[in-house]
file final_11.cif (mmCIF, C-alpha atoms)
data_run
loop_
_atom_site.label_atom_id
_atom_site.label_comp_id
_atom_site.auth_asym_id
_atom_site.auth_seq_id
_atom_site.Cartn_x
_atom_site.Cartn_y
_atom_site.Cartn_z
CA MET A 1 13.62 5.87 -29.63
CA SER A 2 17.32 5.15 -29.86
CA ALA A 3 18.76 2.03 -31.42
CA ALA A 4 20.12 1.10 -27.99
CA THR A 5 16.75 -0.23 -26.94
CA GLY A 6 16.57 -2.68 -29.83
CA GLY A 7 13.72 -5.11 -30.31
CA THR A 8 10.27 -4.42 -31.66
CA ARG A 9 7.78 -1.72 -30.69
CA GLU A 10 4.87 -4.05 -30.13
CA GLY A 11 3.90 -4.83 -26.56
CA SER A 12 3.55 -8.35 -25.25
CA LEU A 13 0.10 -9.93 -25.15
CA GLU A 14 1.20 -12.46 -22.53
CA ALA A 15 0.43 -12.05 -18.83
CA PRO A 16 3.12 -10.08 -16.97
CA THR A 17 5.69 -12.11 -15.09
CA ARG A 18 7.93 -10.74 -12.36
CA HIS A 19 11.59 -11.54 -11.98
CA PRO A 20 13.03 -11.81 -8.46
CA LEU A 21 14.82 -8.77 -7.10
CA ASP A 22 18.49 -9.67 -7.51
CA TRP A 23 19.63 -7.60 -4.54
CA LYS A 24 22.22 -10.12 -3.31
CA ASN A 25 24.17 -9.75 -6.56
CA ALA A 26 27.08 -7.29 -6.46
CA THR A 27 26.01 -5.91 -9.85
CA PHE A 28 22.74 -4.72 -8.29
CA TRP A 29 24.71 -2.17 -6.24
CA ASP A 30 27.05 -0.98 -9.01
CA GLN A 31 26.28 2.66 -9.80
CA GLU A 32 27.56 2.59 -13.39
CA ASN A 33 25.55 -0.54 -14.17
CA LEU A 34 22.49 1.06 -12.56
CA ASP A 35 22.91 4.26 -14.60
CA ARG A 36 23.07 2.26 -17.84
CA GLU A 37 19.86 0.42 -16.95
CA LEU A 38 18.14 3.66 -15.95
CA GLU A 39 19.11 5.23 -19.27
CA ARG A 40 17.86 2.17 -21.17
CA VAL A 41 14.49 2.08 -19.44
CA PHE A 42 14.05 5.85 -19.47
CA ASP A 43 14.64 5.77 -23.23
CA ILE A 44 11.87 3.21 -23.65
CA CYS A 45 9.53 5.25 -21.43
CA HIS A 46 10.34 8.42 -23.37
CA GLY A 47 9.38 6.72 -26.63
CA CYS A 48 6.09 5.44 -25.17
CA ARG A 49 4.76 7.93 -22.59
CA ARG A 50 1.66 5.88 -21.75
CA CYS A 51 2.24 6.30 -18.01
CA VAL A 52 2.31 10.10 -17.94
CA SER A 53 -0.89 10.34 -15.87
CA LEU A 54 0.05 7.85 -13.15
CA CYS A 55 2.47 9.69 -10.86
CA ASN A 56 5.01 12.50 -11.00
CA SER A 57 7.98 10.30 -11.96
CA PHE A 58 6.94 10.21 -15.60
CA PRO A 59 6.18 13.93 -16.13
CA THR A 60 9.49 14.68 -14.40
CA LEU A 61 11.34 12.33 -16.77
CA PHE A 62 9.64 13.67 -19.87
CA ASP A 63 10.28 17.29 -18.86
CA LEU A 64 13.97 16.49 -18.33
CA VAL A 65 14.13 14.94 -21.80
CA ASP A 66 12.18 17.69 -23.54
CA GLU A 67 14.26 20.42 -21.92
CA SER A 68 17.61 18.76 -22.73
CA ASP A 69 19.85 19.84 -25.60
CA THR A 70 19.23 16.65 -27.57
CA MET A 71 15.57 16.18 -26.55
CA GLU A 72 16.51 12.54 -25.95
CA VAL A 73 17.49 10.68 -22.78
CA ASP A 74 21.17 10.93 -23.67
CA GLY A 75 20.84 14.68 -23.12
CA VAL A 76 19.74 14.26 -19.50
CA ALA A 77 22.47 14.46 -16.86
CA LYS A 78 22.74 11.25 -14.88
CA SER A 79 22.81 13.37 -11.73
CA ASP A 80 19.22 14.31 -12.59
CA TYR A 81 18.00 10.71 -12.65
CA TRP A 82 17.29 10.93 -8.92
CA LYS A 83 14.65 13.59 -9.66
CA VAL A 84 12.67 10.84 -11.37
CA VAL A 85 13.40 8.17 -8.78
CA GLU A 86 12.34 10.19 -5.73
CA HIS A 87 8.80 10.60 -7.09
CA CYS A 88 8.23 6.85 -7.41
CA TYR A 89 6.34 5.44 -4.42
CA LEU A 90 6.19 1.88 -5.76
CA CYS A 91 2.44 1.82 -6.42
CA ASP A 92 3.18 -0.74 -9.18
CA LEU A 93 0.41 0.54 -11.45
CA CYS A 94 2.74 1.26 -14.36
CA TYR A 95 3.89 -2.36 -14.32
CA LEU A 96 0.48 -3.96 -14.10
CA THR A 97 -1.87 -1.54 -15.85
CA LYS A 98 0.04 0.49 -18.44
CA CYS A 99 3.43 -0.79 -19.57
CA PRO A 100 3.39 -3.03 -22.69
CA TYR A 101 7.08 -3.87 -22.30
CA VAL A 102 7.10 -5.79 -19.04
CA PRO A 103 8.51 -9.33 -19.07
CA PRO A 104 8.11 -11.66 -20.87
CA HIS A 105 8.58 -8.88 -23.48
CA GLU A 106 12.20 -8.87 -24.64
CA TRP A 107 12.72 -5.29 -23.38
CA ASN A 108 12.14 -6.54 -19.84
CA VAL A 109 10.95 -3.28 -18.30
CA ASP A 110 10.15 -3.32 -14.59
CA PHE A 111 10.02 0.38 -13.78
CA PRO A 112 9.00 0.08 -10.09
CA HIS A 113 11.72 -2.39 -9.22
CA LEU A 114 14.30 -0.37 -11.14
CA MET A 115 13.26 2.63 -9.03
CA LEU A 116 13.54 0.42 -5.95
CA ARG A 117 17.04 -0.57 -6.97
CA ALA A 118 17.97 3.11 -7.43
CA LYS A 119 16.52 3.93 -4.01
CA ALA A 120 18.48 1.08 -2.44
CA VAL A 121 21.76 2.21 -4.00
CA HIS A 122 21.05 5.80 -2.96
CA PHE A 123 20.24 4.71 0.60
CA LYS A 124 23.43 2.65 0.80
CA GLU A 125 25.52 5.61 -0.36
CA HIS A 126 23.75 8.51 1.39
CA GLY A 127 21.54 7.07 4.12
CA ALA A 128 18.28 8.86 4.89
CA SER A 129 17.24 12.14 6.47
CA LEU A 130 15.97 12.27 10.05
CA ARG A 131 12.48 12.95 8.66
CA ASP A 132 12.52 9.89 6.43
CA ARG A 133 13.94 7.67 9.17
CA VAL A 134 11.20 8.79 11.56
CA LEU A 135 8.37 8.40 9.03
CA SER A 136 9.48 4.88 8.11
CA SER A 137 10.02 3.73 11.72
CA THR A 138 6.35 3.03 12.28
CA ASP A 139 6.75 0.58 15.16
CA THR A 140 9.04 2.85 17.16
CA VAL A 141 6.93 5.96 16.62
CA GLY A 142 3.70 4.05 17.31
CA LYS A 143 4.97 2.62 20.60
CA LEU A 144 6.19 6.02 21.78
CA ALA A 145 3.16 8.01 20.61
CA GLY A 146 0.84 5.29 21.94
CA ILE A 147 1.83 5.88 25.57
CA PRO A 148 -1.38 7.20 27.21
CA VAL A 149 -0.14 10.68 28.17
CA VAL A 150 2.08 11.01 25.11
CA SER A 151 -0.71 10.10 22.67
CA GLY A 152 -2.85 12.96 23.95
CA VAL A 153 -0.01 15.44 23.53
CA VAL A 154 0.91 14.14 20.07
CA ASN A 155 -2.68 14.21 18.82
CA ALA A 156 -3.29 17.71 20.20
CA SER A 157 -0.06 18.95 18.60
CA ASN A 158 -0.99 17.44 15.24
CA ARG A 159 -4.28 19.35 15.32
CA ASN A 160 -2.64 22.64 16.28
CA GLY A 161 -1.72 24.94 13.40
CA THR A 162 1.20 26.54 15.20
CA MET A 163 2.69 23.20 16.17
CA ARG A 164 2.23 21.88 12.63
CA ARG A 165 4.15 24.86 11.26
CA VAL A 166 6.95 24.12 13.72
CA LEU A 167 6.92 20.47 12.64
CA SER A 168 7.03 21.56 9.02
CA LYS A 169 10.14 23.69 9.53
CA ALA A 170 11.91 21.32 11.89
CA LEU A 171 11.18 17.96 10.27
CA GLY A 172 9.86 18.67 6.77
CA VAL A 173 6.34 17.34 7.38
CA HIS A 174 3.88 19.53 5.47
CA GLU A 175 1.59 21.51 7.74
CA ASN A 176 -1.50 20.73 5.65
CA ALA A 177 -0.88 17.01 5.27
CA PRO A 178 -3.21 14.66 7.16
CA VAL A 179 -1.35 13.00 10.02
CA PRO A 180 -3.06 10.00 11.64
CA PRO A 181 -4.00 10.01 15.34
CA TYR A 182 -2.31 7.68 17.80
CA HIS A 183 -4.21 5.48 20.23
CA SER A 184 -3.08 4.28 23.62
CA ASP A 185 -5.91 1.72 23.49
CA THR A 186 -4.22 -0.21 20.70
CA LEU A 187 -5.62 -3.13 18.76
CA SER A 188 -3.28 -5.44 20.68
CA LYS A 189 -4.71 -4.25 24.00
CA ARG A 190 -8.28 -4.59 22.75
CA MET A 191 -7.72 -8.11 21.50
CA ALA A 192 -6.04 -9.10 24.78
CA LYS A 193 -9.22 -8.13 26.66
CA ARG A 194 -11.42 -10.35 24.52
CA GLN A 195 -12.52 -13.79 25.56
CA PRO A 196 -11.05 -16.53 23.34
CA SER A 197 -13.47 -17.37 20.55
CA SER A 198 -15.32 -20.67 20.74
CA LEU A 199 -16.33 -20.47 17.07
CA GLN A 200 -15.50 -23.39 14.80
CA ALA A 201 -16.08 -22.39 11.19
CA GLU A 202 -16.31 -24.86 8.36
CA SER A 203 -13.42 -24.97 5.95
CA THR A 204 -13.85 -24.58 2.20
CA ASP A 205 -11.70 -25.60 -0.74
CA LEU A 206 -9.68 -22.37 -0.44
CA THR A 207 -10.08 -21.27 3.20
CA THR A 208 -9.50 -23.09 6.47
CA GLY A 209 -12.17 -21.17 8.35
CA LYS A 210 -9.94 -19.77 11.08
CA VAL A 211 -7.95 -16.59 10.72
CA ALA A 212 -4.82 -15.01 12.18
CA LEU A 213 -4.97 -11.22 11.92
CA PHE A 214 -1.73 -9.42 11.06
CA GLY A 215 -2.88 -6.17 12.63
CA THR A 216 -0.23 -3.95 10.97
CA CYS A 217 1.43 -1.02 12.73
CA TYR A 218 -1.14 1.39 11.32
CA GLY A 219 -4.04 -0.84 12.36
CA ASN A 220 -2.55 -1.29 15.82
CA TYR A 221 -1.61 2.29 16.73
CA ASN A 222 -3.50 4.62 14.40
CA GLU A 223 -6.90 3.17 13.56
CA PRO A 224 -7.54 0.13 15.76
CA ASP A 225 -11.27 0.41 15.06
CA ILE A 226 -10.64 -1.09 11.62
CA GLY A 227 -9.21 -4.20 13.26
CA THR A 228 -12.07 -4.54 15.73
CA ASP A 229 -14.59 -4.05 12.92
CA LEU A 230 -12.85 -6.82 10.97
CA VAL A 231 -12.98 -9.17 13.94
CA SER A 232 -16.69 -8.46 14.45
CA VAL A 233 -17.50 -9.07 10.78
CA PHE A 234 -15.50 -12.28 10.57
CA GLU A 235 -16.94 -13.66 13.79
CA HIS A 236 -20.45 -12.74 12.60
CA ASN A 237 -19.60 -15.03 9.70
CA GLY A 238 -18.56 -17.78 12.10
CA VAL A 239 -14.84 -17.33 11.46
CA PRO A 240 -12.74 -17.14 14.66
CA VAL A 241 -9.94 -14.54 14.62
CA THR A 242 -6.75 -14.47 16.65
CA LEU A 243 -4.26 -11.61 16.59
CA VAL A 244 -0.69 -12.42 15.56
CA GLU A 245 1.44 -11.36 18.51
CA LYS A 246 4.92 -9.78 18.63
CA THR A 247 5.00 -8.81 14.97
CA ARG A 248 6.88 -5.92 13.42
CA CYS A 249 6.00 -3.56 10.59
CA CYS A 250 5.57 -5.47 7.34
CA GLY A 251 8.54 -3.54 5.93
CA MET A 252 6.81 -1.54 3.20
CA PRO A 253 7.90 1.91 4.55
CA LYS A 254 11.53 0.74 4.67
CA LEU A 255 11.19 -0.80 1.20
CA GLU A 256 10.03 2.53 -0.21
CA LEU A 257 13.04 4.15 1.46
CA GLY A 258 15.39 1.62 -0.13
CA ASP A 259 16.53 0.19 3.20
CA LEU A 260 16.53 -3.45 2.15
CA ASP A 261 18.45 -4.64 5.21
CA ALA A 262 15.67 -3.26 7.44
CA VAL A 263 13.11 -5.08 5.27
CA ALA A 264 15.05 -8.30 5.74
CA ALA A 265 15.23 -7.75 9.50
CA ALA A 266 11.44 -7.31 9.72
CA LYS A 267 10.96 -10.40 7.58
CA ASP A 268 13.15 -12.43 9.94
CA ILE A 269 10.75 -11.60 12.78
CA ASN A 270 7.40 -11.78 10.99
CA ILE A 271 7.76 -14.78 8.70
CA PRO A 272 8.52 -17.40 11.39
CA LEU A 273 5.48 -16.22 13.39
CA LEU A 274 3.16 -16.28 10.38
CA ALA A 275 4.52 -19.52 8.94
CA SER A 276 3.99 -21.23 12.31
CA LEU A 277 0.34 -20.14 12.30
CA VAL A 278 -0.08 -21.45 8.76
CA ASP A 279 1.28 -24.79 9.98
CA GLN A 280 -1.39 -24.71 12.68
CA GLY A 281 -4.11 -24.37 10.05
CA TYR A 282 -4.66 -20.63 10.10
CA ASP A 283 -5.27 -18.36 7.15
CA ILE A 284 -3.80 -14.86 7.48
CA VAL A 285 -5.48 -11.54 6.73
CA ALA A 286 -4.20 -7.96 7.01
CA PRO A 287 -6.46 -4.89 6.94
CA VAL A 288 -4.07 -2.62 4.99
CA PRO A 289 -3.49 -3.53 1.29
CA SER A 290 0.18 -2.47 1.34
CA CYS A 291 0.92 -4.96 4.10
CA THR A 292 -0.86 -7.78 2.29
CA LEU A 293 1.05 -6.94 -0.88
CA MET A 294 4.33 -7.02 1.01
CA PHE A 295 3.79 -10.68 1.91
CA LYS A 296 2.12 -11.63 -1.37
CA GLN A 297 4.64 -10.04 -3.71
CA GLU A 298 7.61 -8.06 -2.43
CA LEU A 299 9.05 -10.49 0.11
CA PRO A 300 8.68 -13.48 -2.25
CA LEU A 301 10.54 -11.49 -4.90
CA MET A 302 13.29 -10.54 -2.45
CA PHE A 303 13.56 -14.07 -1.04
CA PRO A 304 12.50 -16.37 -3.89
CA ASP A 305 14.13 -19.46 -2.40
CA ASP A 306 12.71 -19.09 1.12
CA ALA A 307 10.11 -21.83 1.65
CA GLU A 308 8.67 -20.12 4.73
CA VAL A 309 8.09 -16.89 2.78
CA ALA A 310 6.35 -18.90 0.05
CA LYS A 311 4.20 -20.64 2.66
CA VAL A 312 2.94 -17.30 3.98
CA GLN A 313 2.47 -15.94 0.46
CA GLN A 314 0.07 -18.78 -0.33
CA ARG A 315 -2.07 -18.30 2.79
CA ILE A 316 -2.35 -14.51 3.19
CA PHE A 317 -5.49 -12.79 1.95
CA ASP A 318 -7.06 -9.38 1.62
CA PRO A 319 -10.05 -9.45 4.05
CA PHE A 320 -12.67 -8.92 1.35
CA GLU A 321 -10.95 -11.44 -0.89
CA TYR A 322 -11.26 -13.92 1.97
CA LEU A 323 -14.92 -13.17 2.62
CA MET A 324 -15.78 -13.47 -1.07
CA LEU A 325 -14.08 -16.88 -1.18
CA ARG A 326 -16.35 -17.86 1.69
CA HIS A 327 -19.32 -16.45 -0.22
CA LYS A 328 -18.40 -18.48 -3.30
CA ALA A 329 -18.54 -21.58 -1.10
CA GLY A 330 -21.93 -20.54 0.30
CA LYS A 331 -20.49 -19.65 3.72
CA LEU A 332 -21.05 -15.88 3.84
CA ALA A 333 -23.73 -14.44 6.11
CA THR A 334 -26.11 -12.24 4.11
CA ASP A 335 -28.38 -11.19 6.98
CA PHE A 336 -27.82 -7.49 6.34
CA LYS A 337 -29.88 -5.16 8.50
CA GLN A 338 -29.05 -1.78 6.99
CA SER A 339 -28.55 -0.52 3.44
CA LEU A 340 -25.58 1.69 2.70
CA GLY A 341 -27.10 3.80 -0.06
CA LYS A 342 -24.53 5.22 -2.47
CA VAL A 343 -20.88 4.49 -1.70
CA ALA A 344 -17.94 6.23 -3.40
CA TYR A 345 -15.28 3.56 -3.17
CA HIS A 346 -11.63 4.35 -3.90
CA VAL A 347 -9.73 1.24 -4.99
CA ALA A 348 -6.27 1.42 -3.42
CA CYS A 349 -3.32 0.95 -5.79
CA HIS A 350 -1.75 -1.79 -3.66
CA LEU A 351 -5.06 -3.62 -3.77
CA ARG A 352 -5.44 -3.30 -7.54
CA VAL A 353 -2.02 -4.80 -8.20
CA GLN A 354 -2.86 -7.92 -6.16
CA ARG A 355 -4.88 -9.01 -9.19
CA ILE A 356 -7.86 -10.26 -7.19
CA GLY A 357 -10.54 -8.09 -8.79
CA LEU A 358 -12.90 -5.69 -7.01
CA LYS A 359 -13.84 -7.95 -4.11
CA THR A 360 -14.67 -5.07 -1.78
CA ARG A 361 -17.12 -3.63 -4.29
CA ASP A 362 -18.62 -7.03 -4.99
CA LEU A 363 -19.24 -7.76 -1.33
CA LEU A 364 -20.68 -4.36 -0.44
CA GLN A 365 -23.04 -4.62 -3.40
CA LEU A 366 -24.54 -7.71 -1.81
CA VAL A 367 -26.08 -5.34 0.74
CA PRO A 368 -29.65 -4.53 -0.39
CA ASP A 369 -30.30 -1.03 -1.78
CA THR A 370 -26.58 -0.30 -1.99
CA GLN A 371 -24.78 1.16 -4.99
CA VAL A 372 -20.99 1.08 -4.99
CA GLU A 373 -19.12 3.30 -7.46
CA PRO A 374 -15.43 2.29 -7.69
CA ILE A 375 -12.75 4.89 -8.42
CA GLU A 376 -9.68 3.19 -9.88
CA ARG A 377 -7.17 6.00 -9.71
CA CYS A 378 -4.28 6.74 -7.36
CA SER A 379 -4.87 9.01 -4.37
CA GLY A 380 -1.22 10.06 -4.36
CA HIS A 381 -0.75 9.36 -0.65
CA ASP A 382 1.61 6.36 -0.45
CA GLY A 383 1.88 6.46 3.35
CA THR A 384 4.77 8.94 3.52
CA TYR A 385 4.95 10.72 0.13
CA ALA A 386 1.93 12.95 0.80
CA VAL A 387 3.13 14.17 4.19
CA LYS A 388 6.56 15.30 3.00
CA GLN A 389 7.05 19.03 2.61
CA GLU A 390 8.44 18.82 -0.92
CA PHE A 391 5.85 16.37 -2.27
CA HIS A 392 2.55 17.22 -0.55
CA ASP A 393 1.26 19.68 -3.16
CA ILE A 394 2.12 17.23 -5.94
CA SER A 395 0.34 14.44 -4.07
CA MET A 396 -2.80 16.57 -3.82
CA LYS A 397 -2.61 17.25 -7.56
CA ILE A 398 -2.48 13.49 -8.17
CA ALA A 399 -5.47 13.07 -5.84
CA ARG A 400 -7.56 15.79 -7.48
CA PRO A 401 -9.33 13.53 -10.03
CA VAL A 402 -10.31 11.16 -7.20
CA VAL A 403 -11.56 14.03 -5.04
CA THR A 404 -13.55 15.42 -7.97
CA ARG A 405 -15.19 12.04 -8.58
CA VAL A 406 -16.20 11.76 -4.92
CA GLU A 407 -17.62 15.29 -4.96
CA LYS A 408 -19.68 14.65 -8.08
CA MET A 409 -21.09 11.37 -6.75
CA ASP A 410 -22.72 13.07 -3.76
CA ALA A 411 -22.53 9.70 -2.01
CA ASP A 412 -23.81 8.67 1.40
CA HIS A 413 -20.41 7.22 2.26
CA TYR A 414 -16.91 7.29 0.84
CA GLY A 415 -13.69 5.52 1.70
CA SER A 416 -10.86 3.28 0.62
CA ASP A 417 -9.37 -0.07 1.63
CA CYS A 418 -6.28 2.03 2.37
CA PRO A 419 -7.25 4.25 5.32
CA MET A 420 -4.47 6.72 4.52
CA ALA A 421 -5.87 7.16 1.01
CA GLY A 422 -9.26 7.82 2.59
CA HIS A 423 -7.82 10.67 4.64
CA GLN A 424 -5.99 12.04 1.60
CA ILE A 425 -9.37 12.29 -0.14
CA GLU A 426 -10.84 13.87 2.97
CA ASN A 427 -8.08 16.45 2.91
CA GLY A 428 -8.90 17.27 -0.70
CA LEU A 429 -12.62 17.54 -0.02
CA GLY A 430 -12.12 19.98 2.82
CA LYS A 431 -15.50 19.03 4.27
CA GLU A 432 -16.76 17.60 7.55
CA MET A 433 -17.76 14.32 5.90
CA HIS A 434 -15.21 11.74 7.02
CA PRO A 435 -14.04 8.61 5.18
CA GLU A 436 -15.22 5.21 6.38
CA HIS A 437 -13.26 2.04 5.83
CA PRO A 438 -15.20 -0.58 3.81
CA MET A 439 -14.94 -3.02 6.72
CA THR A 440 -16.62 -0.41 8.94
CA LEU A 441 -19.38 -0.04 6.34
CA LEU A 442 -19.84 -3.81 6.21
CA ARG A 443 -20.17 -3.95 9.99
CA LYS A 444 -22.81 -1.22 9.79
CA ALA A 445 -24.66 -3.18 7.12
CA TYR A 446 -24.73 -6.25 9.38
CA GLY A 447 -25.97 -4.09 12.24
CA ILE A 448 -23.42 -5.55 14.68
#
call {"tool": "encode", "arguments": {"input": "final_11.cif", "output": "structure tokens"}}
result
Amino acid sequence: MSAATGGTREGSLEAPTRHPLDWKNATFWDQENLDRELERVFDICHGCRRCVSLCNSFPTLFDLVDESDTMEVDGVAKSDYWKVVEHCYLCDLCYLTKCPYVPPHEWNVDFPHLMLRAKAVHFKEHGASLRDRVLSSTDTVGKLAGIPVVSGVVNASNRNGTMRRVLSKALGVHENAPVPPYHSDTLSKRMAKRQPSSLQAESTDLTTGKVALFGTCYGNYNEPDIGTDLVSVFEHNGVPVTLVEKTRCCGMPKLELGDLDAVAAAKDINIPLLASLVDQGYDIVAPVPSCTLMFKQELPLMFPDDAEVAKVQQRIFDPFEYLMLRHKAGKLATDFKQSLGKVAYHVACHLRVQRIGLKTRDLLQLVPDTQVEPIERCSGHDGTYAVKQEFHDISMKIARPVVTRVEKMDADHYGSDCPMAGHQIENGLGKEMHPEHPMTLLRKAYGI
């Protein structure tokens, strides 16, 4: 490790702390300043190499170093730094599970947010390809593909090998990547047909007992059954659920693209709606971990002085986190009618980094005669990374240890809190056994 890094080699034993993303500062956007910080952090990573198994960013970096003339970071061309950055999909695992040099350590390494900064600078200078703009415009695509006639055509095309090869050549979407279906009977439409709930749940020390569901674009257009399963489970537990209307995508796809202005625009729509519901006494849940994380972590770090963002951050929960808080207060229904047998449960990265523990596993294991085996390793999907032509094969390599674990378990059910990760595993298995979301499994256990 070069003398430029300074400091000591020992990692910090203190809990990690996260600094706000200083994206309003002109220095944030300065390419020379960014390159110096990339070189500094890459040098630290090169001297450590603990994160080599997490994603392809680190093997790419270490190969660049090892193949350079100096075999140090100073031998890597700065024009090659992007090869490292483009493989980071902001899973955050390096920060929270591997790196010993995160703040408050004096070296102050925040690899994911440095990659985010590099993506933002790159986006500002070069924009994004048509493929990347389409994949990250989840609301627009969902509304178009969710039109009744259009959804049938889109879904049929996505299942057709010839059409997938055309899509691969024209747009750069890999022909073997799982692409989610689109529903014209969206979660919003289903919730609009429901009679208003007359339930009045008791509050606890940490929950109000009434929930506003941030359905998410994926939960609305692609797998609305997850949302309806959630509503059924919560109402079985006496917790009334209302759907948050007129929301936009949480902003995570645009964040991963580096389009911070688009993230801010989505925040300006979503936060007032959610904060108003919090003021009315609602707790908020979202069925996709990435969306929950966006409101729990990324938006508060982008807007650290926004009181409304902080208000939402304090009242948004992962669904299983919420139900386990109810259980701790003695308010969870345990009238399970059906065992689940053996469940291979993939723990999504964006759930792990919320630092709430394995609440999904803990709840499912309350079901009699049920054994839940957690798999705490990345599926390599990320939402868009795995469907891109240039990254799909790498994503499947990242997923292989997860797929192998599921195969060896010979479980009765398998799935992930992240439905896209579930389908990534399904793609690796190559079998007819389909993933089931944990909320769907819980509904089955209740027999409702």
call {"tool": "residues_near_point", "arguments": {"input": "final_11.cif", "point": "(-0.8, 11.2, 21.0)", "cutoff": "10 Å", "atoms": "only C-alpha atoms", "output": "count of residues only"}}
result
23
call {"tool": "atom_distance", "arguments": {"input": "final_11.cif", "atom1": "CA of Arg352 (chain A)", "atom2": "CA of Gln297 (chain A)"}}
result
12.7 Å
call {"tool": "closest_residue", "arguments": {"input": "final_11.cif", "among": "A:Pro401, A:Gly258, A:Pro253, A:Gly227", "to": "Arg117 (chain A)", "atoms": "only C-alpha atoms"}}
result
A:Gly258
call {"tool": "residues_around", "arguments": {"input": "final_11.cif", "residues": "Lys254 (chain A)", "least_positions_apart": "4", "cutoff": "8 Å", "atoms": "only C-alpha atoms", "output": "PyMOL selection string"}}
result
chain A and resi 136-137+258-260+262-263
call {"tool": "closest_atom_pairs", "arguments": {"input": "final_11.cif", "of": "region 204-249 of chain A", "to": "region 424-437 of chain A", "cutoff": "10 Å", "atoms": "only C-alpha atoms", "output": "JSON lines"}}
result
{"residue": "A:Asp225", "atom": "CA", "partner": "A:His437", "partner_atom": "CA", "distance": 9.6}
{"residue": "A:Ile226", "atom": "CA", "partner": "A:His437", "partner_atom": "CA", "distance": 7.1}
{"residue": "A:Asp229", "atom": "CA", "partner": "A:His437", "partner_atom": "CA", "distance": 9.4}
call {"tool": "residues_around", "arguments": {"input": "final_11.cif", "residues": "region 193-209 of chain A", "least_positions_apart": "3", "cutoff": "9 Å", "atoms": "all atoms listed in the file", "output": "PyMOL selection string"}}
result
chain A and resi 188-190+235+237-242+281-283+315+322+325-326+329+331
call {"tool": "closest_residue", "arguments": {"input": "final_11.cif", "among": "A:Met252, A:Cys55, A:Leu277, A:Ala266", "to": "Ser379 (chain A)", "atoms": "all atoms listed in the file"}}
result
A:Cys55
call {"tool": "closest_residue", "arguments": {"input": "final_11.cif", "among": "A:Ala307, A:Leu230, A:Val353, A:Val347", "to": "Leu323 (chain A)", "atoms": "all atoms listed in the file"}}
result
A:Leu230
call {"tool": "resolve_selection", "arguments": {"input": "final_11.cif", "expression": "the PyMOL selection byres ((chain A and resi 62) around 10)", "output": "MDAnalysis selection string"}}
result
chainID A and resid 42:43 45:47 49 52 57:61 63:68 71:73 84
call {"tool": "closest_residue", "arguments": {"input": "final_11.cif", "among": "A:Cys217, A:Leu293, A:Ala15, A:Leu34", "to": "Val121 (chain A)", "atoms": "only C-alpha atoms"}}
result
A:Leu34
call {"tool": "closest_residue", "arguments": {"input": "final_11.cif", "among": "A:Gly215, A:Pro103, A:Pro272, A:Pro178", "to": "Ala310 (chain A)", "atoms": "all atoms listed in the file"}}
result
A:Pro272
call {"tool": "atom_distance", "arguments": {"input": "final_11.cif", "atom1": "CA of Glu32 (chain A)", "atom2": "CA of Ala128 (chain A)"}}
result
21.4 Å
call {"tool": "atom_distance", "arguments": {"input": "final_11.cif", "atom1": "CA of Asp22 (chain A)", "atom2": "CA of Ala118 (chain A)"}}
result
12.8 Å
call {"tool": "closest_residue", "arguments": {"input": "final_11.cif", "among": "A:Cys91, A:Val231, A:Leu301, A:Ala170", "to": "Arg377 (chain A)", "atoms": "all atoms listed in the file"}}
result
A:Cys91
call {"tool": "residues_around", "arguments": {"input": "final_11.cif", "residues": "Val406 (chain A)", "least_positions_apart": "3", "cutoff": "9 Å", "atoms": "all atoms listed in the file", "output": "PDB file with C-alpha atoms, keeping the file's coordinate frame"}}
result
ATOM      1  CA  ALA A 344     -17.940   6.230  -3.400  1.00  0.00           C
ATOM      2  CA  TYR A 345     -15.280   3.560  -3.170  1.00  0.00           C
ATOM      3  CA  HIS A 346     -11.630   4.350  -3.900  1.00  0.00           C
ATOM      4  CA  ILE A 375     -12.750   4.890  -8.420  1.00  0.00           C
ATOM      5  CA  PRO A 401      -9.330  13.530 -10.030  1.00  0.00           C
ATOM      6  CA  VAL A 402     -10.310  11.160  -7.200  1.00  0.00           C
ATOM      7  CA  VAL A 403     -11.560  14.030  -5.040  1.00  0.00           C
ATOM      8  CA  MET A 409     -21.090  11.370  -6.750  1.00  0.00           C
ATOM      9  CA  ASP A 410     -22.720  13.070  -3.760  1.00  0.00           C
ATOM     10  CA  ALA A 411     -22.530   9.700  -2.010  1.00  0.00           C
ATOM     11  CA  TYR A 414     -16.910   7.290   0.840  1.00  0.00           C
ATOM     12  CA  ILE A 425      -9.370  12.290  -0.140  1.00  0.00           C
ATOM     13  CA  LEU A 429     -12.620  17.540  -0.020  1.00  0.00           C
TER      14      LEU A 429
END
call {"tool": "resolve_selection", "arguments": {"input": "final_11.cif", "expression": "the PyMOL selection byres ((chain A and resi 312) around 8)", "output": "PyMOL selection string"}}
result
chain A and resi 271+274-275+278+284+295-296+308-311+313-316
call {"tool": "residues_around", "arguments": {"input": "final_11.cif", "residues": "His87 (chain A)", "least_positions_apart": "6", "cutoff": "12 Å", "atoms": "all atoms listed in the file", "output": "MDAnalysis selection string"}}
result
chainID A and resid 54:61 81 112 115:116 118:119 256:257 380:382 384:386 388 390:392 394:395 398
call {"tool": "decode", "arguments": {"input": "final_11.cif", "residues": "region 386-394 of chain A", "atoms": "C-alpha atoms", "output": "short mmCIF file (atom, residue, chain, number, x, y, z; two decimals), in the first residue's frame"}}
result
data_model
loop_
_atom_site.label_atom_id
_atom_site.label_comp_id
_atom_site.auth_asym_id
_atom_site.auth_seq_id
_atom_site.Cartn_x
_atom_site.Cartn_y
_atom_site.Cartn_z
CA ALA A 386 -28.58 -8.84 -14.75
CA VAL A 387 -30.67 -8.03 -17.81
CA LYS A 388 -27.98 -6.04 -19.61
CA GLN A 389 -26.26 -7.77 -22.50
CA GLU A 390 -22.74 -7.05 -21.26
CA PHE A 391 -23.33 -8.02 -17.62
CA HIS A 392 -25.80 -10.92 -17.66
CA ASP A 393 -23.25 -13.74 -17.75
CA ILE A 394 -21.29 -12.10 -14.93
#
